[in-house]
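Listing of upload_19.pdb, PDB, C-alpha atoms and all ligand atoms
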ATOM      1  CA  MET A  30     102.256  45.969 -97.844  1.00  0.00           C
ATOM      2  CA  GLN A  31     102.652  46.506 -94.122  1.00  0.00           C
ATOM      3  CA  ASN A  32     103.088  43.809 -91.485  1.00  0.00           C
ATOM      4  CA  LYS A  33     100.843  45.296 -88.808  1.00  0.00           C
ATOM      5  CA  THR A  34      97.120  45.520 -88.367  1.00  0.00           C
ATOM      6  CA  PHE A  35      94.619  46.590 -85.747  1.00  0.00           C
ATOM      7  CA  ALA A  36      91.968  44.271 -84.330  1.00  0.00           C
ATOM      8  CA  ILE A  37      89.142  44.460 -81.810  1.00  0.00           C
ATOM      9  CA  ILE A  38      87.588  41.487 -80.057  1.00  0.00           C
ATOM     10  CA  LYS A  39      84.180  43.072 -79.603  1.00  0.00           C
ATOM     11  CA  PRO A  40      81.830  43.134 -76.564  1.00  0.00           C
ATOM     12  CA  ASP A  41      79.626  40.287 -77.866  1.00  0.00           C
ATOM     13  CA  ALA A  42      82.613  37.922 -78.040  1.00  0.00           C
ATOM     14  CA  VAL A  43      83.854  38.931 -74.575  1.00  0.00           C
ATOM     15  CA  GLU A  44      80.352  38.596 -73.092  1.00  0.00           C
ATOM     16  CA  SER A  45      79.930  35.101 -74.540  1.00  0.00           C
ATOM     17  CA  ASN A  46      83.304  33.994 -73.108  1.00  0.00           C
ATOM     18  CA  ASN A  47      84.949  33.621 -76.523  1.00  0.00           C
ATOM     19  CA  LEU A  48      87.838  36.024 -75.840  1.00  0.00           C
ATOM     20  CA  GLY A  49      90.309  33.242 -74.996  1.00  0.00           C
ATOM     21  CA  LYS A  50      89.257  31.127 -77.971  1.00  0.00           C
ATOM     22  CA  ILE A  51      89.772  34.037 -80.368  1.00  0.00           C
ATOM     23  CA  ILE A  52      93.189  34.877 -78.874  1.00  0.00           C
ATOM     24  CA  ASP A  53      94.105  31.216 -79.346  1.00  0.00           C
ATOM     25  CA  ILE A  54      93.094  31.429 -83.035  1.00  0.00           C
ATOM     26  CA  ILE A  55      95.210  34.584 -83.426  1.00  0.00           C
ATOM     27  CA  ILE A  56      98.265  32.787 -82.005  1.00  0.00           C
ATOM     28  CA  LYS A  57      97.673  29.553 -83.942  1.00  0.00           C
ATOM     29  CA  ASN A  58      97.546  31.611 -87.141  1.00  0.00           C
ATOM     30  CA  GLU A  59     101.003  32.985 -86.362  1.00  0.00           C
ATOM     31  CA  PHE A  60     100.131  36.575 -85.603  1.00  0.00           C
ATOM     32  CA  THR A  61     102.352  38.186 -82.995  1.00  0.00           C
ATOM     33  CA  ILE A  62     100.415  40.235 -80.448  1.00  0.00           C
ATOM     34  CA  LEU A  63     102.450  43.440 -80.129  1.00  0.00           C
ATOM     35  CA  ASN A  64      99.931  45.216 -77.916  1.00  0.00           C
ATOM     36  CA  ALA A  65      96.641  44.217 -76.300  1.00  0.00           C
ATOM     37  CA  ARG A  66      94.383  45.967 -73.827  1.00  0.00           C
ATOM     38  CA  LEU A  67      90.988  45.158 -72.352  1.00  0.00           C
ATOM     39  CA  ILE A  68      88.973  48.368 -72.323  1.00  0.00           C
ATOM     40  CA  THR A  69      85.407  49.580 -72.132  1.00  0.00           C
ATOM     41  CA  MET A  70      85.065  52.212 -74.837  1.00  0.00           C
ATOM     42  CA  SER A  71      83.635  55.603 -73.975  1.00  0.00           C
ATOM     43  CA  VAL A  72      81.024  57.038 -76.336  1.00  0.00           C
ATOM     44  CA  SER A  73      83.510  59.617 -77.603  1.00  0.00           C
ATOM     45  CA  GLN A  74      86.164  56.932 -78.204  1.00  0.00           C
ATOM     46  CA  ALA A  75      83.723  54.771 -80.200  1.00  0.00           C
ATOM     47  CA  GLU A  76      82.319  57.758 -82.122  1.00  0.00           C
ATOM     48  CA  GLY A  77      85.842  58.838 -83.052  1.00  0.00           C
ATOM     49  CA  PHE A  78      86.890  55.352 -84.061  1.00  0.00           C
ATOM     50  CA  TYR A  79      83.835  54.832 -86.290  1.00  0.00           C
ATOM     51  CA  ALA A  80      83.606  58.474 -87.476  1.00  0.00           C
ATOM     52  CA  ILE A  81      83.735  57.319 -91.102  1.00  0.00           C
ATOM     53  CA  HIS A  82      80.315  55.682 -90.548  1.00  0.00           C
ATOM     54  CA  LYS A  83      78.679  58.647 -88.802  1.00  0.00           C
ATOM     55  CA  GLU A  84      76.115  59.262 -91.546  1.00  0.00           C
ATOM     56  CA  ARG A  85      75.090  55.600 -91.716  1.00  0.00           C
ATOM     57  CA  PRO A  86      71.742  54.555 -90.213  1.00  0.00           C
ATOM     58  CA  PHE A  87      73.410  51.982 -87.940  1.00  0.00           C
ATOM     59  CA  PHE A  88      75.942  54.440 -86.455  1.00  0.00           C
ATOM     60  CA  HIS A  89      74.255  55.130 -83.100  1.00  0.00           C
ATOM     61  CA  ASP A  90      73.443  51.466 -82.477  1.00  0.00           C
ATOM     62  CA  LEU A  91      77.013  50.523 -83.405  1.00  0.00           C
ATOM     63  CA  VAL A  92      78.476  53.068 -80.968  1.00  0.00           C
ATOM     64  CA  SER A  93      76.126  51.977 -78.219  1.00  0.00           C
ATOM     65  CA  PHE A  94      76.989  48.299 -78.792  1.00  0.00           C
ATOM     66  CA  MET A  95      80.737  49.003 -78.788  1.00  0.00           C
ATOM     67  CA  CYS A  96      80.374  50.785 -75.433  1.00  0.00           C
ATOM     68  CA  SER A  97      78.127  48.103 -73.930  1.00  0.00           C
ATOM     69  CA  GLY A  98      80.906  46.146 -72.229  1.00  0.00           C
ATOM     70  CA  PRO A  99      84.584  45.292 -72.302  1.00  0.00           C
ATOM     71  CA  CYS A 100      86.364  44.648 -75.583  1.00  0.00           C
ATOM     72  CA  MET A 101      89.985  43.903 -76.391  1.00  0.00           C
ATOM     73  CA  VAL A 102      91.973  46.156 -78.724  1.00  0.00           C
ATOM     74  CA  LEU A 103      95.041  44.560 -80.307  1.00  0.00           C
ATOM     75  CA  GLU A 104      97.993  45.451 -82.493  1.00  0.00           C
ATOM     76  CA  LEU A 105      98.910  42.377 -84.533  1.00  0.00           C
ATOM     77  CA  GLU A 106     101.978  41.595 -86.587  1.00  0.00           C
ATOM     78  CA  LYS A 107     102.365  39.141 -89.450  1.00  0.00           C
ATOM     79  CA  PRO A 108     103.549  39.450 -93.077  1.00  0.00           C
ATOM     80  CA  ASN A 109     100.673  41.024 -95.055  1.00  0.00           C
ATOM     81  CA  ALA A 110      98.814  41.469 -91.765  1.00  0.00           C
ATOM     82  CA  VAL A 111      95.803  43.478 -93.000  1.00  0.00           C
ATOM     83  CA  LYS A 112      94.860  40.957 -95.683  1.00  0.00           C
ATOM     84  CA  GLU A 113      95.683  37.923 -93.527  1.00  0.00           C
ATOM     85  CA  TRP A 114      93.563  39.140 -90.595  1.00  0.00           C
ATOM     86  CA  ARG A 115      90.621  40.143 -92.798  1.00  0.00           C
ATOM     87  CA  SER A 116      90.693  36.758 -94.443  1.00  0.00           C
ATOM     88  CA  LEU A 117      90.738  35.023 -91.042  1.00  0.00           C
ATOM     89  CA  ILE A 118      87.789  37.052 -89.688  1.00  0.00           C
ATOM     90  CA  GLY A 119      85.538  36.678 -92.762  1.00  0.00           C
ATOM     91  CA  SER A 120      82.746  38.890 -94.128  1.00  0.00           C
ATOM     92  CA  THR A 121      81.101  41.603 -92.001  1.00  0.00           C
ATOM     93  CA  ASP A 122      77.843  39.650 -92.086  1.00  0.00           C
ATOM     94  CA  PRO A 123      78.396  36.240 -90.452  1.00  0.00           C
ATOM     95  CA  ASN A 124      75.741  34.772 -92.778  1.00  0.00           C
ATOM     96  CA  GLU A 125      78.042  35.567 -95.687  1.00  0.00           C
ATOM     97  CA  ALA A 126      81.291  34.557 -93.956  1.00  0.00           C
ATOM     98  CA  ASP A 127      83.241  31.533 -95.169  1.00  0.00           C
ATOM     99  CA  ASP A 128      83.422  28.370 -93.079  1.00  0.00           C
ATOM    100  CA  GLY A 129      86.323  28.410 -90.640  1.00  0.00           C
ATOM    101  CA  THR A 130      86.361  32.193 -90.240  1.00  0.00           C
ATOM    102  CA  ILE A 131      86.011  33.821 -86.832  1.00  0.00           C
ATOM    103  CA  ARG A 132      82.789  35.628 -87.717  1.00  0.00           C
ATOM    104  CA  LYS A 133      81.250  32.445 -89.100  1.00  0.00           C
ATOM    105  CA  ASP A 134      82.066  30.602 -85.882  1.00  0.00           C
ATOM    106  CA  PHE A 135      81.365  33.300 -83.273  1.00  0.00           C
ATOM    107  CA  ALA A 136      79.362  36.254 -84.648  1.00  0.00           C
ATOM    108  CA  GLU A 137      75.628  36.724 -84.152  1.00  0.00           C
ATOM    109  CA  SER A 138      74.854  39.452 -86.700  1.00  0.00           C
ATOM    110  CA  LYS A 139      76.328  42.229 -88.836  1.00  0.00           C
ATOM    111  CA  GLU A 140      76.474  44.484 -85.796  1.00  0.00           C
ATOM    112  CA  ARG A 141      77.403  41.926 -83.138  1.00  0.00           C
ATOM    113  CA  ASN A 142      80.102  40.496 -85.380  1.00  0.00           C
ATOM    114  CA  SER A 143      82.717  39.594 -82.739  1.00  0.00           C
ATOM    115  CA  VAL A 144      85.800  41.143 -84.316  1.00  0.00           C
ATOM    116  CA  HIS A 145      87.081  44.156 -86.217  1.00  0.00           C
ATOM    117  CA  GLY A 146      89.963  44.341 -88.660  1.00  0.00           C
ATOM    118  CA  SER A 147      91.505  47.348 -90.405  1.00  0.00           C
ATOM    119  CA  ASP A 148      90.654  47.520 -94.100  1.00  0.00           C
ATOM    120  CA  SER A 149      93.936  49.031 -95.367  1.00  0.00           C
ATOM    121  CA  ASP A 150      97.519  49.641 -94.293  1.00  0.00           C
ATOM    122  CA  GLU A 151      96.747  53.336 -93.950  1.00  0.00           C
ATOM    123  CA  ASN A 152      93.788  52.712 -91.651  1.00  0.00           C
ATOM    124  CA  ALA A 153      95.758  50.111 -89.671  1.00  0.00           C
ATOM    125  CA  SER A 154      98.320  52.790 -88.776  1.00  0.00           C
ATOM    126  CA  ILE A 155      95.588  55.292 -87.903  1.00  0.00           C
ATOM    127  CA  GLU A 156      93.678  52.764 -85.769  1.00  0.00           C
ATOM    128  CA  ILE A 157      96.822  51.467 -83.959  1.00  0.00           C
ATOM    129  CA  ASN A 158      97.731  55.040 -83.102  1.00  0.00           C
ATOM    130  CA  TYR A 159      94.161  55.804 -82.030  1.00  0.00           C
ATOM    131  CA  PHE A 160      94.261  53.233 -79.231  1.00  0.00           C
ATOM    132  CA  PHE A 161      97.945  52.759 -78.451  1.00  0.00           C
ATOM    133  CA  LYS A 162      99.598  56.160 -78.753  1.00  0.00           C
ATOM    134  CA  ASN A 163     100.489  58.134 -75.631  1.00  0.00           C
ATOM    135  CA  GLU A 164     100.476  55.014 -73.475  1.00  0.00           C
ATOM    136  CA  ILE A 165     102.242  55.198 -70.151  1.00  0.00           C
TER     137      ILE A 165
HETATM  138  P1  LIG A 201      83.668  46.638 -88.293  1.00  0.00           P
HETATM  139  O1  LIG A 201      84.649  45.798 -89.039  1.00  0.00           O
HETATM  140  O2  LIG A 201      83.975  46.912 -86.872  1.00  0.00           O
HETATM  141  O3  LIG A 201      83.501  48.034 -89.063  1.00  0.00           O
HETATM  142  C1  LIG A 201      82.302  48.775 -89.076  1.00  0.00           C
HETATM  143  C2  LIG A 201      81.197  48.070 -88.378  1.00  0.00           C
HETATM  144  O4  LIG A 201      79.905  48.536 -88.654  1.00  0.00           O
HETATM  145  C3  LIG A 201      81.176  46.626 -88.871  1.00  0.00           C
HETATM  146  O5  LIG A 201      82.260  45.923 -88.372  1.00  0.00           O
HETATM  147  C4  LIG A 201      79.821  46.171 -88.366  1.00  0.00           C
HETATM  148  O6  LIG A 201      79.867  45.753 -87.020  1.00  0.00           O
HETATM  149  C5  LIG A 201      79.016  47.456 -88.465  1.00  0.00           C
HETATM  150  N1  LIG A 201      78.085  47.406 -89.600  1.00  0.00           N
HETATM  151  C6  LIG A 201      78.399  47.481 -90.893  1.00  0.00           C
HETATM  152  N2  LIG A 201      77.262  47.427 -91.649  1.00  0.00           N
HETATM  153  C7  LIG A 201      76.235  47.306 -90.781  1.00  0.00           C
HETATM  154  C8  LIG A 201      74.826  47.213 -90.919  1.00  0.00           C
HETATM  155  N3  LIG A 201      74.246  47.226 -92.135  1.00  0.00           N
HETATM  156  N4  LIG A 201      74.068  47.110 -89.808  1.00  0.00           N
HETATM  157  C9  LIG A 201      74.642  47.125 -88.592  1.00  0.00           C
HETATM  158  N5  LIG A 201      75.982  47.211 -88.377  1.00  0.00           N
HETATM  159  C10 LIG A 201      76.765  47.301 -89.462  1.00  0.00           C
END
Write-out of the structure in structure tokens:
Amino acid sequence: MQNKTFAIIKPDAVESNNLGKIIDIIIKNEFTILNARLITMSVSQAEGFYAIHKERPFFHDLVSFMCSGPCMVLELEKPNAVKEWRSLIGSTDPNEADDGTIRKDFAESKERNSVHGSDSDENASIEINYFFKNEI
């Protein structure tokens, strides 16, 4: 069990002015924000990040959505961070997400689902390094 995870507040949530509300939820749930950056992903950045999904039918739409506007990438810290963050964001499909989760409250659809969370400690390390290594 690792105490760090990687999160994205996705373009739909930024566009609908929910960025501040989601950051507030992160803080109220006692995550420490170790790193945060507002970026607009390039196609190659999004393709690399979601490479595991490249054979899936939704891949091109997902990449295009993730590059459609600013998003916030974050490195979060809390005991058992991966599990805690995934439980706070809820299921990928907001229609299946539990009440009180971020996706239930803010997401529009499976694709425009407001937030990302790493699914394992191993992927959390990979994803944190993907966006925060080699920073000046
Ligand atoms: P995320 O947690 O960022 O990880 C992969 C993303 O792919 C997921 O959130 C969704 O936004 C997206 N995704 C997964 N399944 C589907 C689907 N069936 N249709 C569209 N997008 C999907």
Within 8 Å of ligand LIG 201 (chain A) (all atoms listed in the file), residues as a PDB file with C-alpha atoms, in the frame of the given file:
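What landed in selection.pdb:
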ATOM      1  CA  ILE A  37      89.142  44.460 -81.810  1.00  0.00           C
ATOM      2  CA  TYR A  79      83.835  54.832 -86.290  1.00  0.00           C
ATOM      3  CA  HIS A  82      80.315  55.682 -90.548  1.00  0.00           C
ATOM      4  CA  PRO A  86      71.742  54.555 -90.213  1.00  0.00           C
ATOM      5  CA  PHE A  87      73.410  51.982 -87.940  1.00  0.00           C
ATOM      6  CA  PHE A  88      75.942  54.440 -86.455  1.00  0.00           C
ATOM      7  CA  ASP A  90      73.443  51.466 -82.477  1.00  0.00           C
ATOM      8  CA  LEU A  91      77.013  50.523 -83.405  1.00  0.00           C
ATOM      9  CA  THR A 121      81.101  41.603 -92.001  1.00  0.00           C
ATOM     10  CA  ASP A 122      77.843  39.650 -92.086  1.00  0.00           C
ATOM     11  CA  SER A 138      74.854  39.452 -86.700  1.00  0.00           C
ATOM     12  CA  LYS A 139      76.328  42.229 -88.836  1.00  0.00           C
ATOM     13  CA  GLU A 140      76.474  44.484 -85.796  1.00  0.00           C
ATOM     14  CA  ARG A 141      77.403  41.926 -83.138  1.00  0.00           C
ATOM     15  CA  ASN A 142      80.102  40.496 -85.380  1.00  0.00           C
ATOM     16  CA  VAL A 144      85.800  41.143 -84.316  1.00  0.00           C
ATOM     17  CA  HIS A 145      87.081  44.156 -86.217  1.00  0.00           C
ATOM     18  CA  GLY A 146      89.963  44.341 -88.660  1.00  0.00           C
ATOM     19  CA  SER A 147      91.505  47.348 -90.405  1.00  0.00           C
TER      20      SER A 147
END
Could you spell out the hits of the PyMOL selection byres (((chain A and resi 55) around 12) and not hetatm) on the shown file, as a PyMOL selection string?
-> chain A and resi 36-38+48-54+56-63+103-107+110+113-115+117-118+130-131+144
Polymer residues at most 10 Å from Ser93 in chain A, only C-alpha atoms, same-chain spacing of 3 or more positions, as a ChimeraX atom specification | /A:70-72,75-76,88-90,96-98
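Atom pair CA of Thr69 in chain A / CA of Asn158 in chain A has a distance of 17.4 Å (rounded to one decimal).
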Given the choices A:Tyr159, A:Ala153, A:Ile68, A:Ser116, which gets closest to Phe35 in chain A if the distance is worked out from all atoms listed in the file?
->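 Of A:Tyr159, A:Ala153, A:Ile68, A:Ser116, the one nearest Phe35 in chain A is A:Ala153, counting all atoms listed in the file.
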Could you tell me how far CA of Ala42 in chain A lies from CA of Pro123 in chain A, in Å and to one decimal?
->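 Taking CA of Ala42 in chain A and CA of Pro123 in chain A, their separation equals 13.2 Å.
With CA of Asn32 in chain A on one side and CA of Gln74 in chain A on the other, the separation reads 25.2 Å.
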Of the candidates A:Glu84, A:Glu125, A:Asp150, A:Asp134, which one gets nearest to Pro108 in chain A if we count all atoms listed in the file?
->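 Checking each of A:Glu84, A:Glu125, A:Asp150, A:Asp134 against Pro108 in chain A, counting all atoms listed in the file, the winner is A:Asp150.
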Given all atoms listed in the file as the counted atoms, nearest of A:Glu156, A:Glu44, A:Glu137, A:Asp128 to Pro99 in chain A =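 Nearest to Pro99 in chain A: A:Glu44.
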Please return the centre and edge lengths, in Å to one decimal, of a box with edges along x, y and z that contains all listed atoms of range 50-62 of chain A, widened by 3 Å on every side, as JSON.
{"center_x": 95.8, "center_y": 34.9, "center_z": -82.6, "size_x": 19.1, "size_y": 16.7, "size_z": 15.2}
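Nearest residue to Thr34 in chain A among A:Val92, A:Ala65, A:Asp148, A:Phe78 is A:Asp148, counting only C-alpha atoms.
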